[in-house]
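K.L.:
If you scroll down you'll find the structure; I have some questions about it.
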Amino acid sequence: MRQIIIGLLFASLWASAAVATKYGIHSADPFILANIRFLLAGGAMLFFSYAIKRESLPKGKEWLHLLLFGLMNTTIYLGCFVISMKSVSAGIGSLSTATSPLFIMMISAVWLKRSLRWYEICGVILGLTGVALATYPLLQDSHATLKGVLILMSGMVSVSIATVYYARVKWTLTRVAINGWQVFLGGLLLLPVTCITSNFSDSHFDLQFWLAVGWLAIPVSIIALQLWFYLVSKDTVKASLWLFLCPVFGFLFSSLLLHEPLSWYTLAGTLLVIGGLYLAQREKFAAHK
């Protein structure tokens with residue numbers, strides 16, 4: 001039950017990123033939004049870890065692990081996500097998260113030598129079917145460029161590799177410190193790109209911008225990622241199944257805040273997603289009983 005609650009909370013917070021990003025890029029360049037978010041969120045977590053908790057600094061190869069993790073999980077993935085939001089709808093952005101479990105499943109099977117059970121595979125298929133059904137009307141009405149979709153998919157491949165990489169490394173740091181360093185280092189790696197390519201003259205740091213940054217930094221970058229790391233530490237492939245719910249929450253938020261329509265496809269797709277999640281985790285339910 002604890003993992004279910006954590007998984008639902010993670011999915012809802014993570015899904016809200018697309019809507020918040022849409023609001024933020026109306027005021028400022030996407031990379032400026034991303035960089036301020038990363039440095040604020042990472043700095044806050046590092047302050048908590050080292051100024052308040054007095055934890056030990058990373059040592060030796062830990063710096064390399066953090067740098068690679070930050071590059072894949074923050075610089076490339078979230079950089080691709082925020083730039084794609086200029087030409088892809090929030091619904092399509094939420095849909096992209098559903099592709100990550102497929103990449104994670106394949107990468108995990110090879111890299112971690114993890115054999116998949118039949119019900120896990122069936123759960124993935126059922127979940128993807130539900131996501132496709134729930135997003136069908138949105139795909140018909142959305143206006144997205146091929147370039148934007150390719151950028152989104154490149155980001156999903158990067159975060160999938162990062163997820164498996166995180167599970168394989170034997171971390172000695174706390175989850176807060178790991179998250180803080182990877183977000184902060186990811187922001188530093190993105191900073192040169194931001195300075196070279198961003199349009200600072202047309203950016204407006206108004207209330208809408210700072211509300212978007214605040215939401216992306218605290219509930220998404222700090223809270224949601226901490227929940228994600230907890231789920232990944234339990235099981236990489238099963239953790240990825242919670243990403244199926246992100247489009248469902250994304251549709252709800254898009255409908256309420258961006259006035260995107262909901263339909264019976266959404267309800268039917270949601271039921272299939274829940275069925276897929278239950279099937280994929282049937283072993284845990286059976287063990288609990």
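In the structure tokens, each chain is lettered A, B, ... as it comes, each chain's residues begin at 1, and ligands are numbered from 1 in order of appearance.
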Which residues, written as number ranges by chain, have at least one atom at most 8 Å from region 175-181 of chain A, with only C-alpha atoms counted and residues fewer than 2 positions away on the same chain left out?
P.N.:
A: 41-46, 49, 66, 70, 173, 183-185, 222, 225-226, 229
K.L.:
For Phe209 (chain A), find every residue with an atom within 10 Å (counting only C-alpha atoms), except residues of its own chain fewer than 5 positions away, and show them as a PyMOL selection string.
P.N.:
chain A and resi 20-21+23-28+33+203-204+214
K.L.:
Ranking A:Gln3, A:Leu126, A:Phe200, A:Leu245 by minimum distance to Ser233 (chain A) and counting only C-alpha atoms, which one comes first?
P.N.:
A:Gln3
K.L.:
Here is a test: counting only C-alpha atoms, which residue of A:Ile76, A:Ala224, A:Val169, A:Val82 is nearest to Ser154 (chain A)?
P.N.:
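Using only C-alpha atoms, the shortest distance to Ser154 (chain A) belongs to A:Ile76.
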K.L.:
Find the spatial neighbours of Tyr165 (chain A), counting only C-alpha atoms, within a cut-off of 12 Å - ignore same-chain residues fewer than 6 positions away - and output them as a ChimeraX atom specification.
P.N.:
/A:65-73,104,107-108,111-112,158-159,171,229,232-233,236
K.L.:
Would you mind exporting C-alpha atoms of the selected residues as a compact mmCIF listing (two decimals), in the first residue's frame?
P.N.:
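Contents of the output file out19.txt:
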# COMPACT_ATOMS: atom_id res chain seq x y z
CA HIS A 65 28.68 8.87 -11.32
CA LEU A 66 26.90 12.07 -10.32
CA LEU A 67 28.15 13.92 -13.39
CA LEU A 68 27.01 11.18 -15.80
CA PHE A 69 23.70 10.78 -14.00
CA GLY A 70 23.09 14.53 -14.03
CA LEU A 71 23.98 14.73 -17.73
CA MET A 72 21.50 12.02 -18.73
CA ASN A 73 18.74 12.63 -16.17
CA ILE A 104 13.87 0.70 -19.35
CA ILE A 107 17.95 -1.82 -21.18
CA SER A 108 17.38 -3.44 -17.80
CA TRP A 111 22.34 -4.45 -18.54
CA LEU A 112 21.11 -5.84 -15.23
CA SER A 158 18.30 9.45 -22.06
CA VAL A 159 16.23 9.28 -18.86
CA TRP A 171 25.57 4.79 -3.90
CA PHE A 229 14.42 7.30 -6.58
CA VAL A 232 13.64 2.71 -8.47
CA SER A 233 15.59 1.50 -5.43
CA THR A 236 13.73 -0.64 -11.72
K.L.:
Leaving out region 4-14 of chain A and any residue of its chain fewer than 6 positions from it, which residues lie within 7 Å of it when counting only C-alpha atoms, given as a PyMOL selection string?
P.N.:
chain A and resi 219-220+224+227-228+242-243+245-246+249
K.L.:
Mind writing the picked residues with N, CA, C and O atoms as a JSON list (two decimals), in the first residue's frame?
P.N.:
[["chain", "number", "residue", "atom", "x", "y", "z"],
["A", 219, "PRO", "N", 7.87, 20.86, -6.04],
["A", 219, "PRO", "CA", 7.07, 19.63, -6.15],
["A", 219, "PRO", "C", 7.60, 18.65, -7.20],
["A", 219, "PRO", "O", 7.52, 17.44, -7.00],
["A", 220, "VAL", "N", 8.15, 19.17, -8.32],
["A", 220, "VAL", "CA", 8.58, 18.27, -9.40],
["A", 220, "VAL", "C", 10.03, 17.82, -9.21],
["A", 220, "VAL", "O", 10.31, 16.63, -9.08],
["A", 224, "ALA", "N", 9.03, 14.97, -6.35],
["A", 224, "ALA", "CA", 8.73, 13.88, -7.28],
["A", 224, "ALA", "C", 9.97, 13.01, -7.54],
["A", 224, "ALA", "O", 9.86, 11.78, -7.60],
["A", 227, "LEU", "N", 10.66, 10.68, -4.66],
["A", 227, "LEU", "CA", 9.74, 9.55, -4.71],
["A", 227, "LEU", "C", 10.15, 8.57, -5.80],
["A", 227, "LEU", "O", 10.08, 7.34, -5.62],
["A", 228, "TRP", "N", 10.59, 9.09, -6.94],
["A", 228, "TRP", "CA", 11.03, 8.24, -8.05],
["A", 228, "TRP", "C", 12.25, 7.41, -7.67],
["A", 228, "TRP", "O", 12.32, 6.21, -7.94],
["A", 242, "TRP", "N", 4.83, 3.01, -13.13],
["A", 242, "TRP", "CA", 4.07, 4.16, -12.63],
["A", 242, "TRP", "C", 4.07, 5.29, -13.64],
["A", 242, "TRP", "O", 3.21, 6.18, -13.57],
["A", 243, "LEU", "N", 5.01, 5.27, -14.58],
["A", 243, "LEU", "CA", 5.03, 6.30, -15.61],
["A", 243, "LEU", "C", 3.81, 6.20, -16.52],
["A", 243, "LEU", "O", 3.46, 7.16, -17.20],
["A", 245, "LEU", "N", 0.82, 6.12, -15.59],
["A", 245, "LEU", "CA", -0.24, 6.98, -15.06],
["A", 245, "LEU", "C", 0.01, 8.45, -15.33],
["A", 245, "LEU", "O", -0.91, 9.26, -15.20],
["A", 246, "CYS", "N", 1.24, 8.81, -15.69],
["A", 246, "CYS", "CA", 1.55, 10.23, -15.93],
["A", 246, "CYS", "C", 0.68, 10.85, -17.02],
["A", 246, "CYS", "O", 0.17, 11.97, -16.82],
["A", 249, "PHE", "N", -2.89, 11.55, -15.52],
["A", 249, "PHE", "CA", -2.91, 12.76, -14.71],
["A", 249, "PHE", "C", -2.67, 13.99, -15.58],
["A", 249, "PHE", "O", -3.23, 15.06, -15.34]]
K.L.:
Which parts of region 152-204 of chain A does DSSP call helix (DSSP H, G or I) when run on the backbone here, written out as JSON, numbers by chain?
P.N.:
{"A": [152, 153, 154, 155, 156, 157, 158, 159, 160, 161, 162, 163, 164, 165, 166, 167, 168, 175, 176, 177, 178, 179, 180, 181, 182, 183, 184, 185, 186, 187, 188, 189, 190, 191, 192, 193, 194, 195, 196, 197]}
K.L.:
Counting only C-alpha atoms, which residues in region 86-194 of chain A sit no more than 7 Å from region 257-276 of chain A? For each one, give the nearest pair of atoms and the distance in Å, sorted by chain then residue number, as a tab-separated table.
P.N.:
residue	atom	partner	partner_atom	distance
A:Gly123	CA	A:Gly276	CA	4.1
A:Val124	CA	A:Gly276	CA	6.4
A:Leu126	CA	A:Gly276	CA	5.0
A:Gly127	CA	A:Val273	CA	4.3
A:Gly130	CA	A:Gly269	CA	3.9
A:Val131	CA	A:Gly269	CA	5.7
A:Leu133	CA	A:Gly269	CA	5.1
A:Ala134	CA	A:Thr266	CA	3.9
A:Thr135	CA	A:Thr266	CA	6.8
K.L.:
Go ahead and compute the interatomic distance for CA of Phe251 (chain A) and CA of Gly93 (chain A), in Å to one decimal.
P.N.:
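According to the coordinates, CA of Phe251 (chain A) and CA of Gly93 (chain A) are separated by 10.3 Å.
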K.L.:
Which one of A:Glu62, A:Asp235, A:Ile151, A:Pro30 sits closest to Val213 (chain A) if you count only C-alpha atoms?
P.N.:
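Closest candidate: A:Pro30.
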K.L.:
Using only C-alpha atoms, can you tell me which of A:Leu279, A:Ala239, A:Ala18, A:Val157 comes closest to Ser84 (chain A)?
P.N.:
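Nearest candidate to Ser84 (chain A) out of A:Leu279, A:Ala239, A:Ala18, A:Val157: A:Ala18.
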K.L.:
I'd like the neighbourhood of Phe81 (chain A) as a list in words, where a residue qualifies if any of its atoms comes within 7 Å (using only C-alpha atoms), though same-chain residues fewer than 3 positions away should be ignored.
P.N.:
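The neighbour list is Tyr77, Leu78, Ser84, Met85, Leu152 and Gly155 of chain A.
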K.L.:
Show which residues sit within 9 Å of Lys238 (chain A), as a PyMOL selection string. Count only C-alpha atoms, and ignore same-chain residues fewer than 6 positions away.
P.N.:
chain A and resi 101+120+231-232+277+280-281
K.L.:
For CA of Ala167 (chain A) and CA of Val19 (chain A), determine how far apart the two atoms are, in Å to one decimal place.
P.N.:
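Taking CA of Ala167 (chain A) and CA of Val19 (chain A), their separation equals 28.9 Å.
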K.L.:
Quick one: distance from CA of Thr75 (chain A) to CA of Ser96 (chain A) in Å, one decimal?
P.N.:
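According to the coordinates, CA of Thr75 (chain A) and CA of Ser96 (chain A) are separated by 17.2 Å.
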